[in-house]
Each structure stands twice: as structure tokens, then as C-alpha cells.
file target-v5.cif (mmCIF, C-alpha atoms)
data_upload
loop_
_atom_site.label_atom_id
_atom_site.label_comp_id
_atom_site.auth_asym_id
_atom_site.auth_seq_id
_atom_site.Cartn_x
_atom_site.Cartn_y
_atom_site.Cartn_z
CA MET X 168 -5.49 -32.72 -35.31
CA THR X 169 -4.57 -32.19 -31.71
CA ARG X 170 -6.26 -29.64 -29.45
CA GLU X 171 -3.95 -27.06 -27.97
CA TYR X 172 -4.05 -26.52 -24.22
CA HIS X 173 -3.69 -22.97 -22.94
CA PRO X 174 -3.08 -22.83 -19.18
CA SER X 175 -2.76 -19.06 -19.21
CA SER X 176 -6.50 -18.43 -18.83
CA SER X 177 -6.79 -20.38 -15.58
CA SER X 178 -3.56 -18.85 -14.31
CA SER X 179 -4.92 -15.41 -15.14
CA ARG X 180 -8.12 -16.07 -13.21
CA ALA X 181 -6.15 -17.38 -10.23
CA SER X 182 -3.84 -14.35 -10.25
CA ARG X 183 -6.82 -11.96 -10.37
CA ARG X 184 -8.43 -13.73 -7.42
CA ALA X 185 -5.13 -13.62 -5.55
CA LEU X 186 -4.80 -9.91 -6.33
CA GLY X 187 -8.26 -9.17 -4.96
CA LEU X 188 -7.69 -11.26 -1.85
CA ALA X 189 -4.31 -9.66 -1.20
CA LEU X 190 -5.70 -6.13 -1.51
CA LEU X 191 -8.76 -6.78 0.62
CA GLY X 192 -6.94 -8.92 3.18
CA GLY X 193 -3.95 -6.61 3.47
CA ALA X 194 -6.04 -3.46 3.84
CA ALA X 195 -8.43 -5.13 6.30
CA GLY X 196 -5.53 -6.59 8.27
CA ALA X 197 -3.75 -3.26 8.63
CA GLY X 198 -7.04 -1.63 9.60
CA LEU X 199 -7.72 -4.21 12.32
CA VAL X 200 -4.25 -3.78 13.82
CA LEU X 201 -4.50 0.00 13.84
CA ILE X 202 -8.01 0.00 15.32
CA ALA X 203 -7.04 -2.54 17.98
CA ALA X 204 -4.03 -0.45 18.99
CA GLY X 205 -6.31 2.26 20.37
CA GLN X 206 -8.54 -0.12 22.34
CA THR X 207 -8.24 -1.46 25.89
CA TRP X 208 -6.05 -4.57 26.08
CA SER X 209 -5.91 -4.99 29.86
CA GLU X 210 -7.76 -3.66 32.88
CA GLY X 211 -7.56 -3.95 36.65
CA THR X 212 -7.93 -2.18 39.97
CA THR X 213 -5.39 -0.31 42.06
CA ALA X 214 -5.71 1.03 45.59
CA SER X 215 -5.96 4.80 45.93
CA SER X 216 -6.80 6.54 49.23
CA GLY X 217 -8.23 3.33 50.57
CA ALA X 218 -10.56 2.80 47.63
CA GLY X 219 -10.29 0.75 44.49
CA LEU X 220 -9.45 2.75 41.34
CA PRO X 221 -10.01 1.13 37.93
CA VAL X 222 -7.07 1.35 35.54
CA THR X 223 -6.72 0.30 31.92
CA ALA X 224 -3.97 -0.03 29.31
CA SER X 225 -4.45 0.37 25.57
CA GLY X 226 -2.72 -1.57 22.84
CA ASN X 227 -0.39 1.33 22.09
CA ALA X 228 0.59 1.46 25.77
CA VAL X 229 1.33 -2.28 25.80
CA SER X 230 3.38 -2.20 22.58
CA GLY X 231 3.68 0.16 19.66
CA LEU X 232 5.15 -2.55 17.43
CA PRO X 233 1.91 -4.05 15.99
CA SER X 234 0.64 -0.71 14.69
CA ALA X 235 4.10 0.30 13.40
CA LEU X 236 4.46 -3.01 11.54
CA ALA X 237 0.93 -2.66 10.18
CA LEU X 238 1.88 0.69 8.65
CA VAL X 239 5.00 -0.89 7.17
CA GLY X 240 2.88 -3.69 5.74
CA LEU X 241 0.35 -1.26 4.30
CA GLY X 242 3.14 0.68 2.62
CA ALA X 243 4.61 -2.56 1.27
CA LEU X 244 1.20 -3.57 -0.11
CA VAL X 245 1.09 -0.36 -2.15
CA ALA X 246 4.75 -0.66 -3.15
CA VAL X 247 4.14 -4.12 -4.60
CA PHE X 248 2.49 -2.46 -7.61
CA ALA X 249 5.27 0.08 -8.06
CA ALA X 250 8.08 -2.49 -8.00
CA ARG X 251 9.02 -5.01 -10.67
CA ARG X 252 10.67 -8.43 -10.70
CA THR X 253 13.25 -8.74 -7.90
CA GLY X 254 12.05 -5.53 -6.26
CA ARG X 255 8.50 -6.86 -6.17
CA ARG X 256 9.63 -10.07 -4.49
CA ALA X 257 11.59 -8.10 -1.91
CA VAL X 258 8.62 -5.85 -1.13
CA SER X 259 6.34 -8.90 -0.91
CA ALA X 260 8.74 -10.41 1.63
CA VAL X 261 8.57 -7.18 3.66
CA LEU X 262 4.77 -7.42 3.57
CA LEU X 263 4.87 -11.02 4.77
CA LEU X 264 7.38 -10.33 7.56
CA SER X 265 5.55 -7.24 8.79
CA GLY X 266 2.35 -9.25 9.07
CA ALA X 267 4.11 -12.03 10.95
CA GLY X 268 5.74 -9.52 13.27
CA ALA X 269 2.48 -7.69 13.96
CA ALA X 270 0.75 -10.96 14.83
CA ALA X 271 3.60 -12.18 17.05
CA THR X 272 3.92 -8.93 19.02
CA ALA X 273 0.15 -8.74 19.50
CA VAL X 274 0.09 -12.27 20.93
CA ALA X 275 3.05 -11.41 23.17
CA GLY X 276 1.13 -8.40 24.52
CA SER X 277 -2.07 -10.33 25.18
CA ARG X 278 -0.95 -11.25 28.74
CA ASP X 279 1.16 -8.17 29.45
CA THR X 280 0.68 -6.39 32.79
CA GLY X 281 3.58 -3.94 32.65
CA ALA X 282 1.55 -1.25 30.91
CA LEU X 283 -1.25 -1.75 33.44
CA ARG X 284 1.17 -1.21 36.35
CA ASP X 285 2.48 1.92 34.66
CA SER X 286 -1.09 3.16 34.37
CA ALA X 287 -1.67 2.45 38.07
CA ALA X 288 1.52 4.29 39.02
CA GLU X 289 0.45 7.29 36.99
CA ALA X 290 -3.05 7.28 38.50
CA THR X 291 -1.88 7.03 42.11
CA GLY X 292 1.46 8.81 41.94
CA LEU X 293 3.13 5.75 43.48
CA ALA X 294 5.95 4.07 41.59
CA GLU X 295 5.17 0.67 43.11
CA ALA X 296 1.38 0.76 42.88
CA GLY X 297 -0.12 -2.70 42.84
CA VAL X 298 -2.83 -3.92 40.49
CA THR X 299 -5.46 -6.50 41.35
CA ALA X 300 -8.37 -8.12 39.50
CA VAL X 301 -6.34 -8.04 36.29
CA GLY X 302 -8.25 -8.92 33.13
CA HIS X 303 -7.43 -9.00 29.44
CA THR X 304 -9.72 -8.24 26.51
CA ALA X 305 -9.98 -9.81 23.07
CA TRP X 306 -8.38 -6.85 21.29
CA PRO X 307 -4.86 -8.31 21.25
CA TRP X 308 -6.21 -11.34 19.42
CA ILE X 309 -8.06 -9.14 16.96
CA SER X 310 -4.78 -7.35 16.34
CA ALA X 311 -3.09 -10.73 15.83
CA LEU X 312 -5.78 -11.65 13.31
CA GLY X 313 -5.02 -8.44 11.41
CA GLY X 314 -1.35 -9.39 11.37
CA LEU X 315 -2.22 -12.81 9.95
CA LEU X 316 -4.24 -11.17 7.18
CA LEU X 317 -1.20 -9.07 6.28
CA PHE X 318 0.91 -12.22 6.38
CA GLY X 319 -1.52 -13.92 4.00
CA ALA X 320 -1.37 -10.94 1.64
CA GLY X 321 2.41 -11.30 1.62
CA LEU X 322 2.14 -15.00 0.76
CA LEU X 323 -0.18 -14.21 -2.14
CA ALA X 324 2.15 -11.46 -3.36
CA LEU X 325 5.11 -13.83 -3.30
CA GLY X 326 3.18 -16.55 -5.11
CA TYR X 327 1.29 -14.51 -7.70
CA GLY X 328 2.92 -11.08 -7.69
CA ARG X 329 4.83 -11.73 -10.89
CA TYR X 330 1.50 -11.93 -12.76
CA TRP X 331 0.07 -8.71 -11.33
CA PRO X 332 0.11 -5.43 -13.27
CA ALA X 333 2.59 -2.70 -12.38
CA MET X 334 2.27 1.06 -12.42
CA SER X 335 3.05 2.47 -15.84
CA GLY X 336 6.31 4.35 -16.20
CA ARG X 337 5.53 5.83 -19.58
CA TYR X 338 4.93 9.54 -19.92
CA GLU X 339 4.34 9.72 -23.63
CA ARG X 340 2.14 12.54 -24.86
CA ALA X 341 -0.29 11.91 -27.62
CA GLY X 342 0.20 14.09 -30.63
CA ARG X 343 3.59 15.32 -29.50
CA ARG X 344 5.41 17.01 -32.36
CA ALA X 345 9.08 17.89 -32.76
CA PRO X 346 9.81 21.62 -33.17
CA ARG X 347 10.51 22.77 -36.66
CA SER X 348 13.98 23.95 -37.53
CA ALA X 349 14.74 27.23 -39.26
CA ALA X 350 15.12 25.38 -42.54
CA ALA X 351 11.49 24.36 -42.31
CA VAL X 352 10.17 27.94 -42.35
CA PRO X 353 7.98 28.35 -45.47
CA GLU X 354 9.42 30.62 -48.16
CA ARG X 355 6.68 30.64 -50.82
CA PRO X 356 4.05 33.42 -50.38
CA GLU X 357 1.09 31.03 -50.39
CA GLU X 358 2.71 28.95 -47.68
CA LEU X 359 3.30 32.07 -45.61
CA TRP X 360 -0.38 33.02 -45.90
CA LYS X 361 -1.46 29.51 -44.94
CA ALA X 362 0.76 29.68 -41.87
CA LEU X 363 -0.71 33.04 -40.92
CA ASP X 364 -4.24 31.68 -41.37
CA ARG X 365 -3.39 28.88 -38.94
CA GLY X 366 -2.30 31.48 -36.38
CA GLU X 367 1.40 30.63 -36.67
CA ASP X 368 4.30 33.05 -36.97
CA PRO X 369 6.26 31.85 -40.02
CA THR X 370 9.28 33.96 -39.03
CA GLU X 371 9.81 31.90 -35.85
CA PRO X 372 11.83 28.68 -36.18
CA GLY X 373 9.39 26.80 -33.98
CA GLY X 374 6.29 28.07 -35.73
CA ALA X 375 5.01 29.70 -32.57
CA SER X 376 1.37 30.77 -32.48
CA ARG X 377 0.56 34.41 -32.35
#

call {"tool": "encode", "arguments": {"input": "target-v5.cif", "output": "C-alpha cells"}}
result
Amino acid sequence: MTREYHPSSSSSRASRRALGLALLGGAAGAGLVLIAAGQTWSEGTTASSGAGLPVTASGNAVSGLPSALALVGLGALVAVFAARRTGRRAVSAVLLLSGAGAAATAVAGSRDTGALRDSAAEATGLAEAGVTAVGHTAWPWISALGGLLLFGAGLLALGYGRYWPAMSGRYERAGRRAPRSAAAVPERPEELWKALDRGEDPTEPGGASR
């Protein structure tokens, strides 16, 4: 007698772990990108009336792409559970690409000074205001980390998404009954009384309650 091997149990455990990691990682990644977008990415000093004026630029001022892609990725993470088969693979690919794009654009903005010069021009009213003592914070890299978490969620969705549950499309009602036709109206007196006792109108084809 040979012992049967059932790989489905280990695959099920792996898919559940992947599901949890994708949900946590994707949500955390999108959150990091969106939080980082409102923080200071670069700072410096510009001359105004002979004195140094500090100026800063936020992530949204540097580039709106990381936060926009994070929102796309968050929507794709939710849509993974609404889609099936080919649609689920397509949505998983969108999740992966949005994470990669968010990370890449955050890294590209980590050394940007254009937004800082725009901030200096706005503060001084001079179109060609110079900026000195330029510094960059760690927030672009935190945003890039969030993008990588979204990217990882996309990889997990592509690898294990076919095992994950999908939203139910059934709208069946328990105890649903078909309406009675006119031929089903009771004709015997005792049946009429029973129908009346139940609160039904035996003269109506559908047996409507009184």
C-alpha cells in the first residue's frame, strides 16, 4: 500500500502567507509613499533683502508621480480580489508596475533641486533666485521603499494570485419562492380558510398578504 502525497496543503499555507504579505506590504507601501509625499525632500537658503531665507520643497512639489502611482497601486491591490483569471493577472501586473514606477520616480527626485529653486523664486519674487546650502532629506528614500513594497505585493499577486479567493458574485436569496399562478389559488373551502389564517389573500394570484 502506497502513501498518497497531497501537495495542496503546503501550497495552501504558502498562498495564505503570500496573501497576508501582499495585503500588509501593499497597504504599508502605499501609505509610506503618500506620507512621504507631504514631507520635506530638499531644503536650502536663498538671498532675500541681503539676508538668508530658508526654503524647502516637499515631495509633491518635486514630483506628483510617486503618490499618483501609489494610489493606482492601492486600487490595483483591491481590484485583485474582484478580478478572476486573466483579469487578475493583468491587475497584478498593474500593481507591480505602479510600485516599480513609484520607487523609480522617488529615487529620481532624491537629488532634484528644481522644486527648491521654484520655492526660492516664489519666496523672493525673483524668477532667477539662487539657492545655496542645498540639502536633501531621507524622505525620497522612504517613498522609494514604499514603492518597493508595492512592487513586492505585485510579485506575490502574480505568483500566488490564482490561489486567492475572489469576491462572490452570487446574489441568491435564501428561502426565495416563485410566485403562485392563478391556477394555484385554493378552491376548497378549508383551503381558503387556511390561507386566510396565514394572512394571505386567496383571491390574489400571488397569494399576497393582507

call {"tool": "residues_near_point", "arguments": {"input": "target-v5.cif", "point": "(-0.2, -8.6, -10.5)", "cutoff": "9 Å", "atoms": "all atoms listed in the file", "output": "VMD selection string"}}
result
chain X and resid 182 to 183 185 to 186 247 to 248 324 327 to 333

call {"tool": "axis_aligned_box", "arguments": {"input": "target-v5.cif", "around": "stretch 318-322 of chain X", "padding_each_side": "3 Å", "output": "JSON"}}
result
{"center_x": 0.4, "center_y": -13.0, "center_z": 3.6, "size_x": 9.9, "size_y": 10.1, "size_z": 11.6}

call {"tool": "resolve_selection", "arguments": {"input": "target-v5.cif", "expression": "the PyMOL selection byres ((chain X and resi 259) around 6)", "output": "VMD selection string"}}
result
chain X and resid 256 to 258 260 to 262 321 324 to 325

call {"tool": "closest_atom_pairs", "arguments": {"input": "target-v5.cif", "of": "stretch 213-325 of chain X", "to": "stretch 187-203 of chain X", "cutoff": "8 Å", "atoms": "all atoms listed in the file", "output": "tab-separated table"}}
result
residue	atom	partner	partner_atom	distance
X:Gly226	CA	X:Ala203	CA	6.6
X:Pro233	CA	X:Val200	CA	6.5
X:Ser234	CA	X:Leu201	CA	5.3
X:Ala237	CA	X:Ala197	CA	5.0
X:Leu238	CA	X:Ala197	CA	6.9
X:Gly240	CA	X:Ala197	CA	7.2
X:Leu241	CA	X:Ala197	CA	6.3
X:Leu244	CA	X:Gly193	CA	7.0
X:Ala269	CA	X:Val200	CA	7.8
X:Trp306	CA	X:Ala203	CA	5.6
X:Pro307	CA	X:Ala203	CA	7.0
X:Ile309	CA	X:Ala203	CA	6.8
X:Ser310	CA	X:Val200	CA	4.4
X:Ala311	CA	X:Val200	CA	7.3
X:Leu312	CA	X:Gly196	CA	7.1
X:Gly313	CA	X:Gly196	CA	3.7
X:Gly314	CA	X:Gly196	CA	5.9
X:Leu315	CA	X:Gly196	CA	7.2
X:Leu316	CA	X:Gly196	CA	4.9
X:Leu317	CA	X:Gly193	CA	4.6
X:Phe318	CA	X:Gly193	CA	8.0
X:Gly319	CA	X:Ala189	CA	7.3
X:Ala320	CA	X:Ala189	CA	4.3
X:Gly321	CA	X:Ala189	CA	7.5
X:Leu323	CA	X:Ala189	CA	6.2
X:Ala324	CA	X:Ala189	CA	7.0

call {"tool": "write_last_selection", "arguments": {"input": "target-v5.cif", "atoms": "C-alpha atoms", "output": "mmCIF file, keeping the file's coordinate frame"}}
result
data_model
loop_
_atom_site.group_PDB
_atom_site.id
_atom_site.type_symbol
_atom_site.label_atom_id
_atom_site.label_comp_id
_atom_site.auth_asym_id
_atom_site.auth_seq_id
_atom_site.Cartn_x
_atom_site.Cartn_y
_atom_site.Cartn_z
ATOM 1 C CA GLY X 226 -2.720 -1.570 22.840
ATOM 2 C CA PRO X 233 1.910 -4.050 15.990
ATOM 3 C CA SER X 234 0.640 -0.710 14.690
ATOM 4 C CA ALA X 237 0.930 -2.660 10.180
ATOM 5 C CA LEU X 238 1.880 0.690 8.650
ATOM 6 C CA GLY X 240 2.880 -3.690 5.740
ATOM 7 C CA LEU X 241 0.350 -1.260 4.300
ATOM 8 C CA LEU X 244 1.200 -3.570 -0.110
ATOM 9 C CA ALA X 269 2.480 -7.690 13.960
ATOM 10 C CA TRP X 306 -8.380 -6.850 21.290
ATOM 11 C CA PRO X 307 -4.860 -8.310 21.250
ATOM 12 C CA ILE X 309 -8.060 -9.140 16.960
ATOM 13 C CA SER X 310 -4.780 -7.350 16.340
ATOM 14 C CA ALA X 311 -3.090 -10.730 15.830
ATOM 15 C CA LEU X 312 -5.780 -11.650 13.310
ATOM 16 C CA GLY X 313 -5.020 -8.440 11.410
ATOM 17 C CA GLY X 314 -1.350 -9.390 11.370
ATOM 18 C CA LEU X 315 -2.220 -12.810 9.950
ATOM 19 C CA LEU X 316 -4.240 -11.170 7.180
ATOM 20 C CA LEU X 317 -1.200 -9.070 6.280
ATOM 21 C CA PHE X 318 0.910 -12.220 6.380
ATOM 22 C CA GLY X 319 -1.520 -13.920 4.000
ATOM 23 C CA ALA X 320 -1.370 -10.940 1.640
ATOM 24 C CA GLY X 321 2.410 -11.300 1.620
ATOM 25 C CA LEU X 323 -0.180 -14.210 -2.140
ATOM 26 C CA ALA X 324 2.150 -11.460 -3.360
#

call {"tool": "atom_distance", "arguments": {"input": "target-v5.cif", "atom1": "atom CA of X:Thr291", "atom2": "atom CA of X:Arg278"}}
result
22.7 Å

call {"tool": "closest_residue", "arguments": {"input": "target-v5.cif", "among": "X:Thr304, X:Ser286, X:Thr253, X:Ser277", "to": "X:Thr223", "atoms": "all atoms listed in the file"}}
result
X:Ser286

call {"tool": "atom_distance", "arguments": {"input": "target-v5.cif", "atom1": "atom CA of X:Val301", "atom2": "atom CA of X:Gly268"}}
result
26.0 Å

call {"tool": "closest_residue", "arguments": {"input": "target-v5.cif", "among": "X:Ala250, X:Ala305, X:Leu322, X:Ala214", "to": "X:Gly276", "atoms": "all atoms listed in the file"}}
result
X:Ala305

call {"tool": "atom_distance", "arguments": {"input": "target-v5.cif", "atom1": "atom CA of X:Ala204", "atom2": "atom CA of X:Ala235"}}
result
9.9 Å

call {"tool": "closest_residue", "arguments": {"input": "target-v5.cif", "among": "X:Val222, X:Leu232, X:Ala243, X:Ala271", "to": "X:Ala287", "atoms": "only C-alpha atoms"}}
result
X:Val222

call {"tool": "residues_near_point", "arguments": {"input": "target-v5.cif", "point": "(-11.9, -0.7, 43.0)", "cutoff": "12 Å", "atoms": "all atoms listed in the file", "output": "list in words"}}
result
Glu210, Gly211, Thr212, Thr213, Ala214, Ser215, Ser216, Gly217, Ala218, Gly219, Leu220, Pro221, Val222, Ala287, Gly297, Val298, Thr299, Ala300 and Val301 of chain X

call {"tool": "closest_residue", "arguments": {"input": "target-v5.cif", "among": "X:Ala249, X:Val239, X:Ala275, X:Leu283", "to": "X:Leu263", "atoms": "all atoms listed in the file"}}
result
X:Val239

call {"tool": "build_atoms", "arguments": {"input": "target-v5.cif", "residues": "stretch 308-319 of chain X", "atoms": "all heavy atoms", "output": "compact mmCIF listing (two decimals), in the frame of the given file"}}
result
# COMPACT_ATOMS: atom_id res chain seq x y z
N TRP X 308 -6.00 -10.25 20.37
CA TRP X 308 -6.21 -11.34 19.42
C TRP X 308 -6.79 -10.83 18.10
O TRP X 308 -6.52 -11.38 17.04
CB TRP X 308 -7.10 -12.41 20.04
CG TRP X 308 -6.49 -12.96 21.29
CD1 TRP X 308 -6.81 -12.66 22.58
CD2 TRP X 308 -5.40 -13.88 21.36
NE1 TRP X 308 -6.00 -13.33 23.45
CE2 TRP X 308 -5.12 -14.11 22.73
CE3 TRP X 308 -4.63 -14.54 20.41
CZ2 TRP X 308 -4.12 -14.95 23.16
CZ3 TRP X 308 -3.62 -15.40 20.84
CH2 TRP X 308 -3.37 -15.60 22.19
N ILE X 309 -7.59 -9.77 18.19
CA ILE X 309 -8.06 -9.14 16.96
C ILE X 309 -6.89 -8.51 16.21
O ILE X 309 -6.80 -8.58 14.98
CB ILE X 309 -9.15 -8.09 17.29
CG1 ILE X 309 -10.38 -8.77 17.88
CG2 ILE X 309 -9.52 -7.27 16.05
CD1 ILE X 309 -11.45 -7.83 18.36
N SER X 310 -5.98 -7.91 16.96
CA SER X 310 -4.78 -7.35 16.34
C SER X 310 -3.95 -8.46 15.71
O SER X 310 -3.41 -8.29 14.60
CB SER X 310 -3.94 -6.61 17.40
OG SER X 310 -2.77 -6.07 16.83
N ALA X 311 -3.84 -9.59 16.39
CA ALA X 311 -3.09 -10.73 15.83
C ALA X 311 -3.74 -11.25 14.55
O ALA X 311 -3.05 -11.62 13.59
CB ALA X 311 -3.00 -11.85 16.86
N LEU X 312 -5.08 -11.24 14.52
CA LEU X 312 -5.78 -11.65 13.31
C LEU X 312 -5.45 -10.70 12.15
O LEU X 312 -5.23 -11.14 11.01
CB LEU X 312 -7.29 -11.65 13.56
CG LEU X 312 -8.19 -11.92 12.35
CD1 LEU X 312 -7.89 -13.29 11.75
CD2 LEU X 312 -9.66 -11.81 12.72
N GLY X 313 -5.41 -9.40 12.44
CA GLY X 313 -5.02 -8.44 11.41
C GLY X 313 -3.62 -8.71 10.88
O GLY X 313 -3.36 -8.62 9.68
N GLY X 314 -2.70 -9.05 11.80
CA GLY X 314 -1.35 -9.39 11.37
C GLY X 314 -1.32 -10.62 10.48
O GLY X 314 -0.56 -10.68 9.50
N LEU X 315 -2.15 -11.61 10.79
CA LEU X 315 -2.22 -12.81 9.95
C LEU X 315 -2.77 -12.50 8.57
O LEU X 315 -2.36 -13.11 7.57
CB LEU X 315 -3.07 -13.87 10.64
CG LEU X 315 -2.46 -14.51 11.89
CD1 LEU X 315 -3.43 -15.51 12.51
CD2 LEU X 315 -1.13 -15.20 11.56
N LEU X 316 -3.72 -11.57 8.49
CA LEU X 316 -4.24 -11.17 7.18
C LEU X 316 -3.15 -10.49 6.35
O LEU X 316 -3.04 -10.73 5.13
CB LEU X 316 -5.43 -10.23 7.35
CG LEU X 316 -6.72 -10.88 7.86
CD1 LEU X 316 -7.79 -9.82 8.12
CD2 LEU X 316 -7.25 -11.90 6.86
N LEU X 317 -2.33 -9.67 6.98
CA LEU X 317 -1.20 -9.07 6.28
C LEU X 317 -0.20 -10.15 5.85
O LEU X 317 0.35 -10.09 4.74
CB LEU X 317 -0.50 -8.06 7.19
CG LEU X 317 -1.13 -6.67 7.31
CD1 LEU X 317 -0.47 -5.89 8.43
CD2 LEU X 317 -1.01 -5.91 6.00
N PHE X 318 0.02 -11.11 6.71
CA PHE X 318 0.91 -12.22 6.38
C PHE X 318 0.39 -12.99 5.16
O PHE X 318 1.14 -13.34 4.25
CB PHE X 318 1.02 -13.16 7.59
CG PHE X 318 1.87 -14.37 7.37
CD1 PHE X 318 3.25 -14.29 7.48
CD2 PHE X 318 1.30 -15.59 7.05
CE1 PHE X 318 4.04 -15.42 7.27
CE2 PHE X 318 2.08 -16.71 6.84
CZ PHE X 318 3.46 -16.62 6.95
N GLY X 319 -0.92 -13.24 5.14
CA GLY X 319 -1.52 -13.92 4.00
C GLY X 319 -1.39 -13.13 2.72
O GLY X 319 -1.15 -13.68 1.64
